[in-house]
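Pasting protein.txt here (compact mmCIF, C-alpha atoms and all ligand atoms):
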```txt
# COMPACT_ATOMS: atom_id res chain seq x y z
CA MET A 1 29.82 -9.01 24.50
CA SER A 2 29.99 -8.88 28.33
CA VAL A 3 33.16 -8.88 30.45
CA GLU A 4 34.31 -11.08 33.36
CA GLU A 5 37.46 -10.05 35.29
CA ASP A 6 39.47 -13.23 35.74
CA PHE A 7 42.86 -14.66 34.70
CA PRO A 8 43.01 -14.81 31.77
CA ARG A 9 40.46 -12.00 31.23
CA GLY A 10 37.28 -13.47 29.79
CA GLY A 11 33.91 -12.43 28.37
CA ILE A 12 30.83 -13.84 26.72
CA VAL A 13 30.54 -13.38 22.97
CA ASP A 14 27.30 -13.83 21.06
CA PHE A 15 27.95 -15.66 17.76
CA ASP A 16 24.69 -15.13 15.88
CA GLY A 17 22.67 -16.20 18.94
CA LEU A 18 25.14 -18.79 20.26
CA ARG A 19 26.82 -17.42 23.41
CA ARG A 20 30.30 -18.69 24.28
CA PRO A 21 33.05 -17.73 26.72
CA VAL A 22 35.97 -16.02 24.99
CA CYS A 23 39.37 -15.00 26.34
CA LEU A 24 39.91 -11.23 26.11
CA ALA A 25 43.53 -11.15 27.29
CA TYR A 26 44.68 -9.86 23.90
CA THR A 27 41.96 -7.25 23.46
CA PRO A 28 42.13 -5.27 26.70
CA GLU A 29 40.41 -2.39 24.89
CA ALA A 30 37.31 -4.49 24.06
CA ALA A 31 34.19 -3.14 25.76
CA VAL A 32 30.66 -4.42 26.21
CA GLY A 33 28.80 -4.20 22.91
CA ASP A 34 31.93 -4.27 20.70
CA HIS A 35 32.30 -6.70 17.82
CA VAL A 36 35.42 -8.84 18.11
CA ILE A 37 37.13 -11.32 15.80
CA VAL A 38 37.49 -14.62 17.63
CA HIS A 39 39.94 -17.40 16.83
CA VAL A 40 40.03 -20.65 18.87
CA GLY A 41 38.30 -19.00 21.82
CA PHE A 42 40.45 -15.84 21.83
CA ALA A 43 39.43 -12.38 20.68
CA ILE A 44 42.31 -11.27 18.44
CA SER A 45 40.92 -7.99 17.12
CA VAL A 46 38.19 -5.44 17.83
CA VAL A 47 36.25 -4.60 14.68
CA ASP A 48 36.31 -0.90 13.79
CA GLU A 49 32.67 -0.21 12.90
CA GLU A 50 33.47 3.09 11.18
CA GLU A 51 35.97 1.38 8.89
CA ALA A 52 33.49 -1.42 8.22
CA ALA A 53 30.92 1.13 7.09
CA ARG A 54 33.47 3.14 5.11
CA THR A 55 34.63 0.10 3.09
CA LEU A 56 30.99 -0.61 2.18
CA ARG A 57 30.45 3.04 1.15
CA VAL A 58 33.45 2.83 -1.21
CA LEU A 59 32.09 -0.39 -2.76
CA ARG A 60 28.61 1.10 -3.18
CA ALA A 61 30.08 4.11 -4.96
CA MET A 62 31.49 1.77 -7.62
CA PRO A 63 29.52 1.81 -10.91
CA ASP A 64 27.49 -1.29 -11.66
CA ALA A 65 29.23 -2.47 -14.82
CA ILE A 66 26.50 -4.90 -15.82
CA GLU A 67 23.71 -2.34 -15.44
CA THR A 68 25.80 0.11 -17.43
CA GLU A 69 26.30 -2.47 -20.21
CA LEU A 70 22.54 -2.97 -20.40
CA GLY A 71 22.15 0.79 -20.64
CA SER A 72 19.93 1.04 -17.58
CA MET B 1 27.93 -8.52 13.44
CA LYS B 2 26.09 -5.56 12.01
CA HIS B 3 27.82 -5.32 8.64
CA LEU B 4 28.34 -9.03 8.06
CA ASP B 5 25.40 -9.61 5.70
CA GLU B 6 26.41 -6.57 3.69
CA TYR B 7 29.83 -8.14 3.07
CA ARG B 8 27.95 -10.94 1.29
CA ASP B 9 25.74 -8.65 -0.83
CA PRO B 10 25.43 -10.18 -4.35
CA ALA B 11 24.76 -6.79 -5.99
CA LEU B 12 28.00 -5.37 -4.62
CA ALA B 13 29.83 -8.56 -5.59
CA ARG B 14 28.63 -8.03 -9.16
CA ARG B 15 29.96 -4.48 -9.15
CA LEU B 16 33.33 -5.68 -7.94
CA LEU B 17 33.45 -8.36 -10.63
CA GLY B 18 32.53 -5.75 -13.26
CA GLU B 19 35.30 -3.47 -12.03
CA LEU B 20 37.73 -6.40 -12.05
CA ARG B 21 36.85 -7.21 -15.68
CA ALA B 22 37.33 -3.57 -16.60
CA THR B 23 40.71 -3.46 -14.86
CA ALA B 24 42.41 -6.75 -15.81
CA THR B 25 44.08 -6.68 -19.23
CA ARG B 26 46.25 -9.76 -18.68
CA PRO B 27 45.67 -13.29 -17.28
CA TRP B 28 47.11 -12.65 -13.83
CA THR B 29 47.66 -15.46 -11.33
CA VAL B 30 46.93 -14.64 -7.71
CA MET B 31 47.37 -16.90 -4.67
CA GLU B 32 45.21 -16.81 -1.57
CA VAL B 33 47.36 -18.22 1.19
CA CYS B 34 44.69 -19.03 3.74
CA GLY B 35 42.58 -22.18 3.73
CA GLY B 36 39.56 -20.30 5.09
CA GLN B 37 39.72 -18.03 2.07
CA THR B 38 40.12 -21.03 -0.25
CA HIS B 39 36.94 -22.46 1.24
CA THR B 40 34.94 -19.27 0.53
CA ILE B 41 36.43 -18.79 -2.96
CA VAL B 42 35.61 -22.34 -4.07
CA ARG B 43 32.19 -22.52 -2.35
CA GLN B 44 31.08 -19.19 -3.83
CA GLY B 45 32.66 -20.04 -7.19
CA ILE B 46 34.61 -16.75 -7.13
CA ASP B 47 37.50 -18.37 -9.02
CA GLU B 48 35.11 -19.34 -11.85
CA LEU B 49 33.75 -15.79 -12.21
CA LEU B 50 37.11 -14.09 -12.71
CA PRO B 51 38.00 -12.39 -16.01
CA ALA B 52 39.13 -14.80 -18.75
CA GLY B 53 42.49 -16.41 -18.10
CA MET B 54 42.83 -15.07 -14.57
CA ARG B 55 43.57 -17.78 -12.03
CA MET B 56 43.45 -18.18 -8.28
CA ILE B 57 46.00 -20.63 -6.92
CA HIS B 58 45.12 -22.10 -3.55
CA GLY B 59 48.05 -21.83 -1.18
CA PRO B 60 49.39 -23.81 1.77
CA GLY B 61 47.38 -22.03 4.47
CA CYS B 62 45.51 -25.02 5.85
CA PRO B 63 47.04 -25.84 9.24
CA VAL B 64 45.66 -29.36 9.24
CA CYS B 65 47.17 -30.01 5.81
CA VAL B 66 50.72 -28.82 6.51
CA THR B 67 51.20 -30.36 9.95
CA PRO B 68 53.98 -32.91 9.35
CA LEU B 69 53.19 -36.59 9.41
CA GLU B 70 55.82 -37.07 12.16
CA ILE B 71 53.74 -34.89 14.50
CA ILE B 72 50.56 -36.85 13.75
CA ASP B 73 52.43 -40.08 14.44
CA LYS B 74 53.85 -38.63 17.67
CA ALA B 75 50.34 -37.53 18.67
CA LEU B 76 49.10 -41.07 18.05
CA ALA B 77 51.94 -42.56 20.13
CA ILE B 78 51.29 -40.18 23.04
CA ALA B 79 47.48 -40.51 22.88
CA ALA B 80 47.80 -44.31 23.10
CA ARG B 81 49.41 -44.09 26.58
CA PRO B 82 46.99 -45.06 29.36
CA GLU B 83 47.86 -42.11 31.64
CA VAL B 84 47.22 -39.53 28.91
CA ILE B 85 44.15 -37.45 28.12
CA PHE B 86 44.92 -36.24 24.61
CA THR B 87 43.21 -32.98 23.60
CA SER B 88 42.99 -31.43 20.16
CA TYR B 89 40.90 -29.27 17.86
CA GLY B 90 38.29 -31.46 16.20
CA ASP B 91 39.67 -31.12 12.69
CA MET B 92 42.97 -32.82 13.61
CA LEU B 93 41.26 -36.05 14.66
CA ARG B 94 40.79 -37.48 11.20
CA VAL B 95 44.17 -36.52 9.75
CA PRO B 96 45.71 -39.76 8.54
CA GLY B 97 49.00 -40.73 10.23
CA THR B 98 51.24 -43.51 8.96
CA SER B 99 48.90 -46.04 10.55
CA GLY B 100 45.48 -44.75 11.51
CA ASP B 101 44.18 -41.52 13.01
CA LEU B 102 43.12 -40.16 16.41
CA VAL B 103 39.47 -41.08 15.79
CA GLY B 104 40.44 -44.72 15.32
CA LEU B 105 42.57 -44.62 18.45
CA LYS B 106 39.65 -43.15 20.42
CA ALA B 107 37.37 -45.89 19.13
CA ARG B 108 39.85 -48.41 20.51
CA GLY B 109 39.60 -46.85 23.96
CA ALA B 110 42.18 -44.04 24.07
CA ASP B 111 41.09 -40.92 25.97
CA VAL B 112 41.03 -38.40 23.12
CA ARG B 113 38.96 -35.25 23.66
CA VAL B 114 38.03 -32.41 21.34
CA VAL B 115 38.46 -28.94 22.81
CA TYR B 116 37.37 -25.57 21.46
CA SER B 117 40.22 -23.60 23.05
CA PRO B 118 43.58 -24.68 24.54
CA LEU B 119 42.44 -23.10 27.82
CA ASP B 120 39.87 -25.93 27.99
CA ALA B 121 42.78 -28.40 27.94
CA VAL B 122 44.39 -26.60 30.91
CA ARG B 123 41.06 -26.79 32.75
CA ILE B 124 40.86 -30.55 32.07
CA ALA B 125 44.40 -30.89 33.48
CA ARG B 126 43.36 -28.98 36.61
CA GLU B 127 40.33 -31.26 37.05
CA ASN B 128 42.33 -34.47 36.51
CA PRO B 129 45.53 -34.05 38.54
CA GLU B 130 46.29 -37.80 38.41
CA ARG B 131 46.34 -37.81 34.59
CA GLU B 132 48.68 -36.28 31.99
CA VAL B 133 46.86 -33.84 29.70
CA VAL B 134 48.46 -33.13 26.33
CA PHE B 135 47.29 -30.54 23.81
CA LEU B 136 48.16 -30.76 20.11
CA ALA B 137 49.33 -27.18 19.46
CA VAL B 138 49.29 -26.73 15.70
CA GLY B 139 48.37 -23.93 13.35
CA PHE B 140 49.56 -20.59 12.03
CA GLU B 141 50.26 -17.27 13.75
CA THR B 142 46.53 -17.03 14.52
CA THR B 143 46.45 -19.93 16.98
CA ALA B 144 49.90 -19.33 18.50
CA PRO B 145 48.68 -16.59 20.92
CA ALA B 146 45.98 -18.95 22.28
CA ASN B 147 48.55 -21.70 22.86
CA ALA B 148 50.99 -19.23 24.41
CA MET B 149 48.28 -18.16 26.86
CA ALA B 150 47.48 -21.79 27.74
CA VAL B 151 51.16 -22.40 28.64
CA LEU B 152 51.36 -19.10 30.57
CA ASP B 153 48.13 -19.95 32.40
CA ALA B 154 49.40 -23.44 33.33
CA ALA B 155 52.76 -21.99 34.46
CA LYS B 156 51.17 -19.25 36.51
CA THR B 157 48.62 -21.49 38.24
CA GLY B 158 51.07 -24.38 38.82
CA VAL B 159 49.39 -26.94 36.56
CA THR B 160 52.25 -29.41 36.04
CA ASN B 161 50.32 -32.29 34.41
CA PHE B 162 49.76 -30.22 31.24
CA SER B 163 51.99 -30.24 28.17
CA VAL B 164 51.81 -29.28 24.51
CA LEU B 165 52.93 -31.08 21.36
CA VAL B 166 53.96 -28.06 19.29
CA SER B 167 54.11 -27.79 15.52
CA HIS B 168 53.41 -24.16 14.70
CA VAL B 169 54.05 -22.75 11.25
CA LEU B 170 54.66 -19.20 10.02
CA VAL B 171 53.32 -17.72 6.78
CA PRO B 172 56.03 -15.30 5.50
CA PRO B 173 58.79 -17.95 5.12
CA ALA B 174 56.34 -20.16 3.20
CA ILE B 175 55.52 -17.30 0.80
CA THR B 176 59.25 -16.73 0.26
CA THR B 177 59.78 -20.44 -0.46
CA LEU B 178 56.97 -20.43 -3.04
CA LEU B 179 58.44 -17.34 -4.71
CA GLU B 180 61.90 -18.90 -4.86
CA ALA B 181 60.60 -22.02 -6.64
CA PRO B 182 61.67 -22.08 -10.33
CA ASP B 183 58.15 -23.07 -11.43
CA ASN B 184 56.44 -20.30 -9.46
CA GLN B 185 53.48 -18.77 -11.29
CA VAL B 186 52.10 -16.56 -8.54
CA ARG B 187 52.21 -12.83 -9.34
CA ALA B 188 50.37 -11.49 -6.28
CA PHE B 189 49.23 -12.73 -2.87
CA LEU B 190 46.18 -12.27 -0.72
CA ALA B 191 47.56 -12.42 2.84
CA ALA B 192 45.27 -13.91 5.47
CA GLY B 193 43.43 -11.25 7.46
CA HIS B 194 43.41 -13.17 10.73
CA VAL B 195 47.12 -13.95 10.63
CA CYS B 196 47.76 -10.24 10.07
CA ALA B 197 45.30 -9.28 12.83
CA VAL B 198 47.84 -10.92 15.15
CA MET B 199 51.15 -10.21 13.39
CA GLY B 200 50.45 -7.05 11.39
CA TRP B 201 52.02 -6.83 7.94
CA THR B 202 55.50 -5.39 8.46
CA GLU B 203 57.07 -8.80 7.70
CA TYR B 204 55.44 -8.75 4.26
CA GLU B 205 56.85 -5.39 3.22
CA PRO B 206 60.40 -6.63 2.41
CA ILE B 207 58.88 -9.61 0.51
CA ALA B 208 56.68 -7.39 -1.69
CA ASP B 209 59.65 -5.13 -2.34
CA HIS B 210 62.30 -7.80 -2.97
CA TYR B 211 60.22 -10.09 -5.22
CA GLY B 212 58.11 -7.36 -6.80
CA VAL B 213 54.82 -8.99 -5.79
CA PRO B 214 51.75 -7.12 -4.59
CA ILE B 215 50.49 -8.47 -1.24
CA VAL B 216 46.99 -7.52 -0.09
CA VAL B 217 45.88 -8.22 3.48
CA THR B 218 42.36 -9.55 2.90
CA GLY B 219 39.30 -10.54 4.95
CA PHE B 220 37.14 -13.64 4.65
CA GLU B 221 33.75 -12.58 3.30
CA PRO B 222 33.03 -12.80 -0.43
CA LEU B 223 33.24 -9.00 -0.86
CA ASP B 224 36.51 -8.89 1.06
CA LEU B 225 38.01 -11.46 -1.27
CA LEU B 226 36.74 -9.76 -4.42
CA GLU B 227 38.03 -6.38 -3.25
CA GLY B 228 41.37 -7.96 -2.27
CA ILE B 229 41.71 -9.51 -5.74
CA LEU B 230 40.80 -6.18 -7.35
CA MET B 231 43.39 -4.31 -5.27
CA ALA B 232 46.05 -6.88 -6.24
CA VAL B 233 45.13 -6.62 -9.94
CA ARG B 234 45.19 -2.81 -9.85
CA GLN B 235 48.76 -3.01 -8.52
CA LEU B 236 49.76 -5.57 -11.15
CA GLU B 237 48.27 -3.46 -13.94
CA THR B 238 50.12 -0.33 -12.80
CA GLY B 239 53.41 -2.12 -12.05
CA ARG B 240 53.29 -1.50 -8.31
CA ALA B 241 54.29 -4.09 -5.68
CA VAL B 242 53.49 -3.01 -2.14
CA VAL B 243 51.54 -4.30 0.84
CA GLU B 244 47.99 -2.95 0.97
CA ASN B 245 45.31 -3.58 3.56
CA GLN B 246 41.82 -4.48 2.40
CA TYR B 247 40.73 -5.66 5.86
CA VAL B 248 40.98 -2.20 7.44
CA ARG B 249 38.17 -2.87 9.89
CA ALA B 250 40.14 -5.60 11.70
CA VAL B 251 43.86 -5.32 10.92
CA ARG B 252 46.41 -2.71 11.95
CA ARG B 253 49.96 -2.48 10.56
CA THR B 254 51.64 -3.66 13.78
CA GLY B 255 49.00 -6.31 14.52
CA ASN B 256 48.04 -7.18 18.07
CA THR B 257 50.97 -6.24 20.33
CA ALA B 258 49.72 -8.09 23.42
CA ALA B 259 49.32 -11.31 21.42
CA ARG B 260 52.71 -10.92 19.74
CA ASP B 261 54.39 -10.35 23.11
CA ALA B 262 52.89 -13.53 24.57
CA VAL B 263 53.99 -15.54 21.53
CA ALA B 264 57.52 -14.09 21.76
CA GLN B 265 57.66 -15.00 25.45
CA VAL B 266 56.58 -18.64 25.10
CA PHE B 267 57.93 -19.62 21.68
CA ARG B 268 61.05 -19.15 19.59
CA VAL B 269 61.46 -19.41 15.83
CA THR B 270 62.73 -22.74 14.51
CA ASP B 271 63.13 -24.62 11.22
CA ARG B 272 59.97 -26.56 10.47
CA LYS B 273 58.96 -29.34 8.12
CA TRP B 274 55.70 -28.72 6.22
CA ARG B 275 53.72 -31.75 5.15
CA GLY B 276 53.93 -32.05 1.39
CA ILE B 277 56.42 -29.17 1.04
CA GLY B 278 59.43 -30.19 3.11
CA GLU B 279 61.63 -28.30 5.52
CA ILE B 280 61.53 -24.49 5.42
CA PRO B 281 64.15 -22.59 7.43
CA ALA B 282 62.86 -20.41 10.28
CA SER B 283 59.25 -21.24 9.38
CA GLY B 284 57.93 -22.55 12.68
CA LEU B 285 57.61 -21.96 16.38
CA ALA B 286 58.86 -24.26 19.14
CA LEU B 287 58.65 -23.80 22.91
CA ASP B 288 61.25 -21.46 24.34
CA PRO B 289 63.72 -23.37 26.57
CA ALA B 290 62.27 -21.50 29.57
CA PHE B 291 59.04 -23.46 29.00
CA ALA B 292 60.67 -26.81 28.13
CA GLY B 293 58.83 -28.37 31.08
CA PHE B 294 55.63 -28.09 29.05
CA ASP B 295 57.06 -29.88 26.01
CA ALA B 296 55.11 -33.12 25.44
CA ASP B 297 57.75 -34.30 22.97
CA ARG B 298 60.37 -34.27 25.77
CA ARG B 299 58.03 -35.50 28.49
CA PHE B 300 57.06 -38.61 26.54
CA ALA B 301 60.31 -39.05 24.58
CA THR B 302 58.61 -40.22 21.43
CA GLY B 303 61.98 -40.31 19.68
CA ASP B 304 62.44 -40.87 15.97
CA ILE B 305 59.38 -42.06 14.15
CA VAL B 306 59.40 -43.68 10.72
CA THR B 307 56.66 -42.22 8.56
CA ARG B 308 55.08 -43.27 5.28
CA GLU B 309 52.72 -41.18 3.09
CA SER B 310 50.04 -42.67 0.84
CA PRO B 311 51.78 -43.13 -2.54
CA ALA B 312 48.74 -41.86 -4.47
CA CYS B 313 48.59 -38.50 -2.72
CA ILE B 314 49.95 -35.43 -4.54
CA ALA B 315 49.29 -33.11 -1.59
CA GLY B 316 52.70 -31.45 -1.96
CA GLU B 317 51.96 -30.19 -5.46
CA ILE B 318 48.49 -29.12 -4.39
CA LEU B 319 49.86 -27.15 -1.44
CA ARG B 320 52.40 -25.46 -3.70
CA GLY B 321 49.64 -24.69 -6.19
CA THR B 322 51.28 -26.47 -9.13
CA ARG B 323 48.46 -29.03 -9.54
CA LEU B 324 44.74 -29.21 -8.77
CA PRO B 325 42.87 -31.88 -6.77
CA THR B 326 41.19 -32.97 -10.01
CA ASP B 327 44.67 -33.91 -11.27
CA CYS B 328 44.92 -36.53 -8.51
CA GLN B 329 43.94 -40.10 -9.47
CA ALA B 330 42.51 -40.79 -6.04
CA TYR B 331 40.38 -37.60 -5.90
CA GLY B 332 36.71 -38.45 -5.38
CA THR B 333 37.35 -42.18 -5.76
CA ALA B 334 39.72 -43.69 -3.20
CA CYS B 335 40.05 -40.32 -1.48
CA THR B 336 36.92 -38.52 -0.22
CA PRO B 337 36.19 -36.43 2.91
CA ARG B 338 34.91 -39.66 4.54
CA THR B 339 37.97 -41.67 3.54
CA PRO B 340 40.81 -39.14 3.27
CA LEU B 341 44.15 -40.42 2.00
CA GLY B 342 45.86 -37.08 2.47
CA ALA B 343 45.49 -34.08 4.75
CA PRO B 344 44.03 -31.64 2.14
CA MET B 345 40.92 -33.86 2.05
CA VAL B 346 40.43 -33.82 5.83
CA SER B 347 39.90 -30.22 6.80
CA SER B 348 37.20 -28.06 5.20
CA GLU B 349 40.08 -25.61 4.66
CA GLY B 350 42.01 -28.12 2.55
CA THR B 351 41.89 -27.55 -1.19
CA CYS B 352 40.87 -31.16 -1.95
CA ALA B 353 37.97 -31.03 0.53
CA ALA B 354 36.93 -27.56 -0.69
CA PHE B 355 36.76 -28.92 -4.26
CA HIS B 356 34.95 -32.08 -3.18
CA ASN B 357 32.38 -30.18 -1.07
CA ALA B 358 31.64 -27.94 -4.06
CA GLY B 359 31.26 -31.02 -6.30
CA ARG B 360 34.13 -29.92 -8.58
CA GLY B 361 35.09 -32.46 -11.22
CA LEU B 362 33.20 -35.30 -9.58
CA GLU B 363 30.82 -35.94 -12.49
CA LEU B 364 33.81 -37.16 -14.50
CA ARG B 365 34.75 -39.83 -11.97
S1 LIG C 1 42.60 -36.00 -3.44
FE1 LIG C 1 43.32 -37.09 -1.60
S2 LIG C 1 45.02 -38.33 -2.33
FE2 LIG C 1 44.66 -36.79 -3.89
S3 LIG C 1 46.02 -35.10 -3.35
FE3 LIG C 1 44.05 -34.66 -2.38
S4 LIG C 1 44.27 -35.53 -0.33
FE4 LIG C 1 45.93 -36.44 -1.56
```
Same coordinates, now as structure tokens:
Amino acid sequence: MSVEEDFPRGGIVDFDGLRRPVCLAYTPEAAVGDHVIVHVGFAISVVDEEEAARTLRVLRAMPDAIETELGS
Amino acid sequence: MKHLDEYRDPALARRLLGELRATATRPWTVMEVCGGQTHTIVRQGIDELLPAGMRMIHGPGCPVCVTPLEIIDKALAIAARPEVIFTSYGDMLRVPGTSGDLVGLKARGADVRVVYSPLDAVRIARENPEREVVFLAVGFETTAPANAMAVLDAAKTGVTNFSVLVSHVLVPPAITTLLEAPDNQVRAFLAAGHVCAVMGWTEYEPIADHYGVPIVVTGFEPLDLLEGILMAVRQLETGRAVVENQYVRAVRRTGNTAARDAVAQVFRVTDRKWRGIGEIPASGLALDPAFAGFDADRRFATGDIVTRESPACIAGEILRGTRLPTDCQAYGTACTPRTPLGAPMVSSEGTCAAFHNAGRGLELR
């Protein structure tokens, strides 16, 4: 993500290779390189990378029930 | 995004399903409110992999589906005027009104344009000062901040040939209405992560408490949904009923304050009719009187409009979760995504379209 100072504040967000202008008025804390959640051309939330990784760690720590059933 | 693929990891999905089977001792019924979540659940077949007897009911969270017929008919009346450039999100164009849709009107020469953001509509107004540009402002709490900003932008930059036809809806009053229904079967809710990214979840806390239903704020990837279902089932199994947040990476308890402030400035809460459900008190947003100059409904005085739904369509029961698309006689025959009779078949977020796209029940037709 890159930032343009304008009213309303805007930036360019890369959606899997497709770059589009996005309004950043509601995410003043968003900085270049952040991941943001975009809805109808507006960033509504900045993704917390640490939390994203932590949720995955919790899921990975879960036993694999099917493997356990097979006794492997 | 970096972690996106990992939130679709089939091995982790299998673990979550295993844990869910180990946890659920009763055939719980859980509703996902959001149409985007319905789409993922049906496409990935998550509802068919749940422990025996457990059911997902698909809720009324498809903005295209619940926008009242009156608004579609008003949109058609306004868009037909020669001075108007009518702008809308693409998925509203094929929603059937009483007679025809916006696509048909466009084919007959009306100036109907698809925009990606309401700010694009303000830009079109700026570039066409001799025309009237109208934006169809529909959707849940997620789209309201964008529409608020469009109105604020137009007001601030003196764009007077811009107006909005507003029919916003709010999720918590709809959940309350579903819970009050005598035939309600829903025992827990997955709240839509993006709605809560804007609004937070404080409004859900009194609902969870009063009705004794677990509510889990949930994201949109397959693992998000499975974890959200598991968190809801864990609460049900232990007799708890609180609001929990599965979508920690994107949602904070108070939501997005800047977005909420803009919405509070431009809109006020009003009673709103939901297509297929009926009127729900305090369940919508209308323009605040301070912004009445941007109200397309006033500017074009569309007045009272007589509406008529397709008699075959059971969209109301589908939106309330009491019947499935496959229960509808027209499903997959008279009504398909190419020839929708009702709104739930139009948008990919609609339950009927989600079922049809996944090929559910079509072999029997
Ligand atoms: S299949 Fe079509 S007609 Fe039947 S309920 Fe769904 S939208 Fe209405």
Q: Could you give me, as a ChimeraX atom specification, every polymer residue with an atom at most 7 Å away from an atom of ligand LIG 1 (chain C), counting all atoms listed in the file?
A: /B:312-315,318,325,328-332,335-336,340-345,352
Q) Given a cut-off of 8 Å, which residues of chain A touch chain B, counting all atoms listed in the file, written out as a ChimeraX atom specification? A) /A:7-8,16,25-27,35,37,39-42,44-53,56,59-60,62-66
(Q) Residues near region 55-68 of chain B, anyone? I mean within 9 Å using all atoms listed in the file, not counting same-chain ones fewer than 4 positions away, as JSON, numbers by chain. (A) {"B": [27, 28, 29, 30, 31, 32, 33, 34, 35, 36, 37, 38, 41, 47, 48, 50, 51, 72, 73, 91, 92, 95, 138, 139, 140, 167, 168, 169, 171, 174, 175, 185, 186, 192, 272, 273, 274, 275, 276, 277, 278, 315, 318, 319, 320, 321, 322, 324, 342, 343, 344, 345, 346, 347, 348, 349, 350, 351]}
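Residues in contact with Thr177 (chain B) at up to 8 Å, not including ones fewer than 4 positions away on its chain and judged by all atoms listed in the file, are Pro173, Ala181 and Ile280 of chain B.
Atom pair CA of Pro337 (chain B) / CA of Gly45 (chain B): separated by 19.6 Å.
Between CA of Pro172 (chain B) and CA of Tyr204 (chain B) there is a distance of 6.7 Å.
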Adding 5 Å on each side of the box along x, y and z that holds all listed atoms of region 40-45 of chain A, could you give its centre and edge lengths in Å to one decimal, as AutoDock Vina command-line options?
```
--center_x 40.3 --center_y -14.3 --center_z 19.5 --size_x 14.0 --size_y 22.7 --size_z 14.7
```
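Computed from the coordinates, the CA of Gly212 (chain B) to CA of Asp183 (chain B) distance equals 16.4 Å.
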Just add N, CA, C and O atoms to region 339-350 of chain B and send it as a PDB file, in the coordinates of the input.
```
ATOM      1  N   THR B 339      36.831 -40.742   3.558  1.00  0.00           N
ATOM      2  CA  THR B 339      37.970 -41.670   3.540  1.00  0.00           C
ATOM      3  C   THR B 339      39.217 -40.946   3.035  1.00  0.00           C
ATOM      4  O   THR B 339      39.738 -41.257   1.966  1.00  0.00           O
ATOM      5  N   PRO B 340      39.691 -39.940   3.784  1.00  0.00           N
ATOM      6  CA  PRO B 340      40.810 -39.140   3.270  1.00  0.00           C
ATOM      7  C   PRO B 340      42.118 -39.915   3.225  1.00  0.00           C
ATOM      8  O   PRO B 340      42.474 -40.592   4.177  1.00  0.00           O
ATOM      9  N   LEU B 341      42.821 -39.818   2.098  1.00  0.00           N
ATOM     10  CA  LEU B 341      44.150 -40.420   2.000  1.00  0.00           C
ATOM     11  C   LEU B 341      45.220 -39.395   2.372  1.00  0.00           C
ATOM     12  O   LEU B 341      46.314 -39.744   2.792  1.00  0.00           O
ATOM     13  N   GLY B 342      44.883 -38.132   2.170  1.00  0.00           N
ATOM     14  CA  GLY B 342      45.860 -37.080   2.470  1.00  0.00           C
ATOM     15  C   GLY B 342      45.183 -35.955   3.230  1.00  0.00           C
ATOM     16  O   GLY B 342      43.962 -35.812   3.224  1.00  0.00           O
ATOM     17  N   ALA B 343      46.016 -35.130   3.885  1.00  0.00           N
ATOM     18  CA  ALA B 343      45.490 -34.080   4.750  1.00  0.00           C
ATOM     19  C   ALA B 343      44.606 -33.049   4.025  1.00  0.00           C
ATOM     20  O   ALA B 343      43.629 -32.589   4.606  1.00  0.00           O
ATOM     21  N   PRO B 344      44.882 -32.672   2.758  1.00  0.00           N
ATOM     22  CA  PRO B 344      44.030 -31.640   2.140  1.00  0.00           C
ATOM     23  C   PRO B 344      42.573 -32.095   1.951  1.00  0.00           C
ATOM     24  O   PRO B 344      41.711 -31.292   1.616  1.00  0.00           O
ATOM     25  N   MET B 345      42.299 -33.383   2.151  1.00  0.00           N
ATOM     26  CA  MET B 345      40.920 -33.860   2.050  1.00  0.00           C
ATOM     27  C   MET B 345      40.246 -33.886   3.419  1.00  0.00           C
ATOM     28  O   MET B 345      39.042 -34.060   3.524  1.00  0.00           O
ATOM     29  N   VAL B 346      40.999 -33.673   4.490  1.00  0.00           N
ATOM     30  CA  VAL B 346      40.430 -33.820   5.830  1.00  0.00           C
ATOM     31  C   VAL B 346      39.710 -32.558   6.280  1.00  0.00           C
ATOM     32  O   VAL B 346      38.539 -32.573   6.628  1.00  0.00           O
ATOM     33  N   SER B 347      40.441 -31.460   6.255  1.00  0.00           N
ATOM     34  CA  SER B 347      39.900 -30.220   6.800  1.00  0.00           C
ATOM     35  C   SER B 347      39.055 -29.522   5.742  1.00  0.00           C
ATOM     36  O   SER B 347      39.372 -29.599   4.554  1.00  0.00           O
ATOM     37  N   SER B 348      38.003 -28.813   6.178  1.00  0.00           N
ATOM     38  CA  SER B 348      37.200 -28.060   5.200  1.00  0.00           C
ATOM     39  C   SER B 348      38.056 -26.943   4.590  1.00  0.00           C
ATOM     40  O   SER B 348      37.711 -26.382   3.574  1.00  0.00           O
ATOM     41  N   GLU B 349      39.192 -26.621   5.219  1.00  0.00           N
ATOM     42  CA  GLU B 349      40.080 -25.610   4.660  1.00  0.00           C
ATOM     43  C   GLU B 349      41.047 -26.190   3.621  1.00  0.00           C
ATOM     44  O   GLU B 349      41.751 -25.452   2.948  1.00  0.00           O
ATOM     45  N   GLY B 350      41.104 -27.508   3.529  1.00  0.00           N
ATOM     46  CA  GLY B 350      42.010 -28.120   2.550  1.00  0.00           C
ATOM     47  C   GLY B 350      41.450 -27.967   1.148  1.00  0.00           C
ATOM     48  O   GLY B 350      40.241 -28.025   0.931  1.00  0.00           O
TER      49      GLY B 350
END
```
